[in-house]
Amino acid sequence: MKNIRSLEKDEIKSYFESIEEKSFRSKQLYKWLWQKLVGTFDELSDFSKRLREELKVTFYIKYPDIVQKQVSKDGTIKYLLKLEDGSTVETVWIPDGKRKTICVSTQVGCAMGCKFCYTGRQGLKRDLKFYEIADQVSVIKRDLGISPTNIVMMGMGEPLQNIDNVLKAIDILNDEIGFGIAARKITVSTAGWLPGFDKLIDYPKQIKLAVSLNAPNNEIRDEIMPVNKRYKIEDLLSAVRHYIDVKKKRVTFEYVLIKGVNDSKEDADKLIALTNDIECKINLIPLNVAVDDKDSPFDSIEDGRVKQFEKWMMRGKRTVTVRKSKGRDINAACGELKRYEIDTKNIIIK
């Protein structure tokens, strides 16, 4: 038997054709699965009992299991989800007024190895399938009974390394008979994995792109982001310019501020010069070092230093924002997502 949520829309259509059912059944089932988020075939009220029983013979319905749920004092909720093969990923619900964001993972672990990121130091286990990406949203919506307004693919993993599954997941999230989330409310983040850029550029929906730049030159970026040794800043910015030319949309440069590494006035001046001809917004992210992360080579940066760096950037007439640190008391802020291993009794932090 097979989890029916793992079927793509065309596969659902082909299944109904194979049993000589009318084609409209595929749209009905897709809506039940991805908009109504049913848990059993018995809930398909517009399907005959015979058809429901036939589906049960071939398929089952299974969502990721919630293994752990941590609620922050600011309303942020971090979920540890267990997939069918036993792998686990973290997903975060981030409420902010009317904005309800879900930060989803695209891989189990991450191969990028960014030194400031806990997940990056854990290594990559595997890519997530398209439905495993989308089902992180399903689980939270089923648990809270609230629909998200925004999706950011900034959790565990490098989205552009898993671009095919990421785009299929976005199709579900955006589909009017799926989650119905506007494309402009969906953001894909990358550390600069250039092989995925062409497919992202060719993708017709107007999603947003965030690029984790984090350094004003190759010397610093080589040190904190190993991907830069393969794809230099000049190559990355060339790809970004091409993206902007084709998509006619500005990008966001994410800049994790690391104490004593990339937070000087000289760094700010170089960052201004580096992005001078690029239509962009720069989002400053104060480094969060998890309270139980004893192996981090860095310290958290002080608020005063962040404000000073922001002032230096503003003098360069840049659009600059500082990301709010949400969920810090439950290690759910940027750079703090971890990979867990599960045994039958305990959750073991690796």
# chains A, B, ... in the order shown; residues from 1 in each chain; ligands from 1
$ residues_around --residues "Ser296 of chain A" --least-positions-apart "5" --cutoff "9 Å" --atoms "only C-alpha atoms" --output "number ranges by chain"
A: 115-118, 289-290
$ write_last_selection --atoms "N, CA and C atoms" --output "CSV table (one decimal), in the first residue's frame"
chain,number,residue,atom,x,y,z
A,115,LYS,N,29.0,27.7,9.4
A,115,LYS,CA,29.5,27.6,10.8
A,115,LYS,C,28.7,28.2,11.8
A,116,PHE,N,27.8,29.2,11.5
A,116,PHE,CA,27.0,29.8,12.4
A,116,PHE,C,25.6,29.1,12.6
A,117,CYS,N,25.4,28.1,11.9
A,117,CYS,CA,24.1,27.4,11.9
A,117,CYS,C,24.2,26.0,12.5
A,118,TYR,N,23.3,25.8,13.5
A,118,TYR,CA,23.4,24.5,14.1
A,118,TYR,C,23.0,23.4,13.2
A,289,VAL,N,22.7,32.1,19.2
A,289,VAL,CA,23.4,30.8,19.6
A,289,VAL,C,22.6,30.1,20.6
A,290,ALA,N,22.2,28.9,20.3
A,290,ALA,CA,21.3,28.1,21.1
A,290,ALA,C,21.9,27.9,22.5
$ select_by_dssp --residues "segment 12-240 of chain A" --states "helix (DSSP H, G or I)" --output "PyMOL selection string"
chain A and resi 12-18+24-34+41-43+49-58+119-121+130-144+159-174+183-185+194-202+218-224+226-229+233-240
$ write_last_selection --atoms "C-alpha atoms" --output "CSV table (one decimal), in the first residue's frame"
chain,number,residue,atom,x,y,z
A,12,ILE,CA,-4.1,10.9,-8.9
A,13,LYS,CA,-5.8,11.5,-12.3
A,14,SER,CA,-4.0,8.5,-13.8
A,15,TYR,CA,-5.2,6.3,-10.9
A,16,PHE,CA,-8.9,7.2,-11.5
A,17,GLU,CA,-8.5,6.6,-15.2
A,18,SER,CA,-7.1,3.2,-14.5
A,24,PHE,CA,-13.5,15.0,-12.0
A,25,ARG,CA,-12.8,12.6,-9.1
A,26,SER,CA,-9.2,13.5,-9.2
A,27,LYS,CA,-10.0,17.2,-8.4
A,28,GLN,CA,-12.4,16.2,-5.7
A,29,LEU,CA,-9.8,13.9,-4.0
A,30,TYR,CA,-7.0,16.5,-4.3
A,31,LYS,CA,-9.2,19.0,-2.6
A,32,TRP,CA,-10.0,16.6,0.2
A,33,LEU,CA,-6.3,15.8,0.7
A,34,TRP,CA,-4.8,19.3,0.5
A,41,PHE,CA,-11.2,7.9,3.4
A,42,ASP,CA,-14.5,7.6,5.2
A,43,GLU,CA,-14.6,11.4,5.3
A,49,LYS,CA,-18.9,3.7,-0.3
A,50,ARG,CA,-17.7,1.3,-3.0
A,51,LEU,CA,-15.1,3.9,-4.2
A,52,ARG,CA,-14.0,4.7,-0.7
A,53,GLU,CA,-13.5,1.0,0.0
A,54,GLU,CA,-11.5,0.6,-3.3
A,55,LEU,CA,-9.2,3.4,-2.3
A,56,LYS,CA,-8.6,1.7,1.1
A,57,VAL,CA,-7.4,-1.4,-0.7
A,58,THR,CA,-4.6,0.5,-2.5
A,119,THR,CA,21.6,22.5,11.4
A,120,GLY,CA,24.5,23.1,9.0
A,121,ARG,CA,26.9,21.5,11.4
A,130,PHE,CA,7.4,17.3,-2.1
A,131,TYR,CA,4.6,16.1,0.1
A,132,GLU,CA,6.8,15.9,3.1
A,133,ILE,CA,7.6,19.6,2.6
A,134,ALA,CA,3.9,20.6,2.1
A,135,ASP,CA,2.8,18.3,5.0
A,136,GLN,CA,4.7,20.4,7.5
A,137,VAL,CA,2.0,23.0,6.8
A,138,SER,CA,-0.7,20.4,6.9
A,139,VAL,CA,0.3,19.2,10.4
A,140,ILE,CA,0.4,22.6,11.9
A,141,LYS,CA,-2.9,23.6,10.3
A,142,ARG,CA,-4.6,20.5,11.6
A,143,ASP,CA,-3.1,21.0,15.0
A,144,LEU,CA,-3.9,24.7,15.4
A,159,PRO,CA,16.0,24.6,-0.8
A,160,LEU,CA,17.9,25.0,-4.1
A,161,GLN,CA,19.6,21.6,-3.6
A,162,ASN,CA,16.1,20.1,-3.6
A,163,ILE,CA,14.6,22.4,-6.1
A,164,ASP,CA,12.3,19.9,-7.9
A,165,ASN,CA,10.5,18.9,-4.7
A,166,VAL,CA,10.5,22.4,-3.4
A,167,LEU,CA,8.6,23.7,-6.5
A,168,LYS,CA,6.2,20.8,-6.4
A,169,ALA,CA,5.4,21.7,-2.8
A,170,ILE,CA,4.9,25.3,-3.7
A,171,ASP,CA,2.4,24.2,-6.3
A,172,ILE,CA,0.3,22.6,-3.6
A,173,LEU,CA,0.7,25.5,-1.2
A,174,ASN,CA,-0.4,28.0,-3.9
A,183,ALA,CA,2.8,33.1,-4.5
A,184,ARG,CA,4.0,36.5,-3.3
A,185,LYS,CA,3.6,35.2,0.3
A,194,LEU,CA,23.8,28.1,-8.0
A,195,PRO,CA,22.7,24.9,-9.9
A,196,GLY,CA,19.2,25.5,-8.6
A,197,PHE,CA,18.9,29.1,-9.9
A,198,ASP,CA,17.8,28.2,-13.5
A,199,LYS,CA,14.8,26.2,-12.4
A,200,LEU,CA,13.8,28.9,-9.9
A,201,ILE,CA,14.1,31.5,-12.6
A,202,ASP,CA,12.0,29.4,-15.0
A,218,ASN,CA,35.0,36.2,-0.3
A,219,GLU,CA,37.5,36.1,2.6
A,220,ILE,CA,34.9,36.2,5.3
A,221,ARG,CA,32.3,34.2,3.4
A,222,ASP,CA,34.8,31.4,2.7
A,223,GLU,CA,35.4,31.1,6.4
A,224,ILE,CA,31.8,31.0,7.6
A,226,PRO,CA,31.8,26.6,2.8
A,227,VAL,CA,29.5,26.9,-0.3
A,228,ASN,CA,31.4,30.1,-1.1
A,229,LYS,CA,34.5,28.1,-1.9
A,233,ILE,CA,30.2,36.1,-4.2
A,234,GLU,CA,30.8,37.4,-7.8
A,235,ASP,CA,29.1,34.4,-9.3
A,236,LEU,CA,26.3,34.5,-6.8
A,237,LEU,CA,25.6,38.2,-7.4
A,238,SER,CA,25.7,37.6,-11.1
A,239,ALA,CA,23.0,34.9,-10.7
A,240,VAL,CA,20.9,37.3,-8.6
$ atom_distance --atom1 "atom CA of Lys307 of chain A" --atom2 "atom CA of Ser212 of chain A"
19.8 Å
$ closest_residue --among "A:Asp10, A:Cys103, A:Tyr63, A:Trp312" --to "Lys78 of chain A" --atoms "only C-alpha atoms"
A:Cys103
$ residues_around --residues "Tyr255 of chain A" --least-positions-apart "4" --cutoff "8 Å" --atoms "only C-alpha atoms" --output "PDB file with C-alpha atoms, in the first residue's frame"
ATOM      1  CA  SER A 212      21.886  34.325   2.639  1.00  0.00           C
ATOM      2  CA  LEU A 213      24.838  36.588   1.879  1.00  0.00           C
ATOM      3  CA  ASN A 214      26.239  37.064   5.400  1.00  0.00           C
ATOM      4  CA  ALA A 215      29.575  38.552   4.344  1.00  0.00           C
ATOM      5  CA  ILE A 282      18.948  43.841   3.315  1.00  0.00           C
ATOM      6  CA  ASN A 283      17.630  41.940   6.312  1.00  0.00           C
ATOM      7  CA  LEU A 284      19.961  41.972   9.295  1.00  0.00           C
ATOM      8  CA  ILE A 285      19.703  38.880  11.490  1.00  0.00           C
TER       9      ILE A 285
END
$ select_by_dssp --residues "segment 61-292 of chain A" --states "strand (DSSP E)" --output "NGL selection string"
:A and (65-71 or 77-82 or 88-96 or 99-103 or 107-110 or 123-127 or 150-153 or 186-190 or 208-212 or 251-257 or 280-286)
$ closest_residue --among "A:Asn288, A:Gln68, A:Asn217, A:Ser6" --to "Asp269 of chain A" --atoms "only C-alpha atoms"
A:Asn217
$ closest_residue --among "A:Lys259, A:Lys281, A:Arg99, A:Lys73" --to "Pro297 of chain A" --atoms "only C-alpha atoms"
A:Lys259
$ closest_atom_pairs --of "segment 59-97 of chain A" --to "segment 313-324 of chain A" --cutoff "12 Å" --atoms "only C-alpha atoms" --output "CSV"
residue,atom,partner,partner_atom,distance
A:Asp74,CA,A:Lys324,CA,11.1
A:Thr76,CA,A:Lys324,CA,11.8
A:Ile94,CA,A:Lys324,CA,10.8
A:Pro95,CA,A:Lys324,CA,11.7
A:Asp96,CA,A:Lys324,CA,9.9
$ residues_around --residues "Glu279 of chain A" --least-positions-apart "5" --cutoff "9 Å" --atoms "only C-alpha atoms" --output "list in words"
Arg241, Ile244, Lys249, Arg250, Val251 and Thr252 of chain A
$ write_last_selection --atoms "C-alpha atoms" --output "tab-separated table (two decimals), in the first residue's frame"
chain	number	residue	atom	x	y	z
A	241	ARG	CA	21.14	40.04	-11.16
A	244	ILE	CA	16.03	40.20	-11.09
A	249	LYS	CA	11.38	41.39	-8.56
A	250	ARG	CA	13.84	42.60	-5.98
A	251	VAL	CA	15.54	40.09	-3.73
A	252	THR	CA	16.26	40.09	-0.02
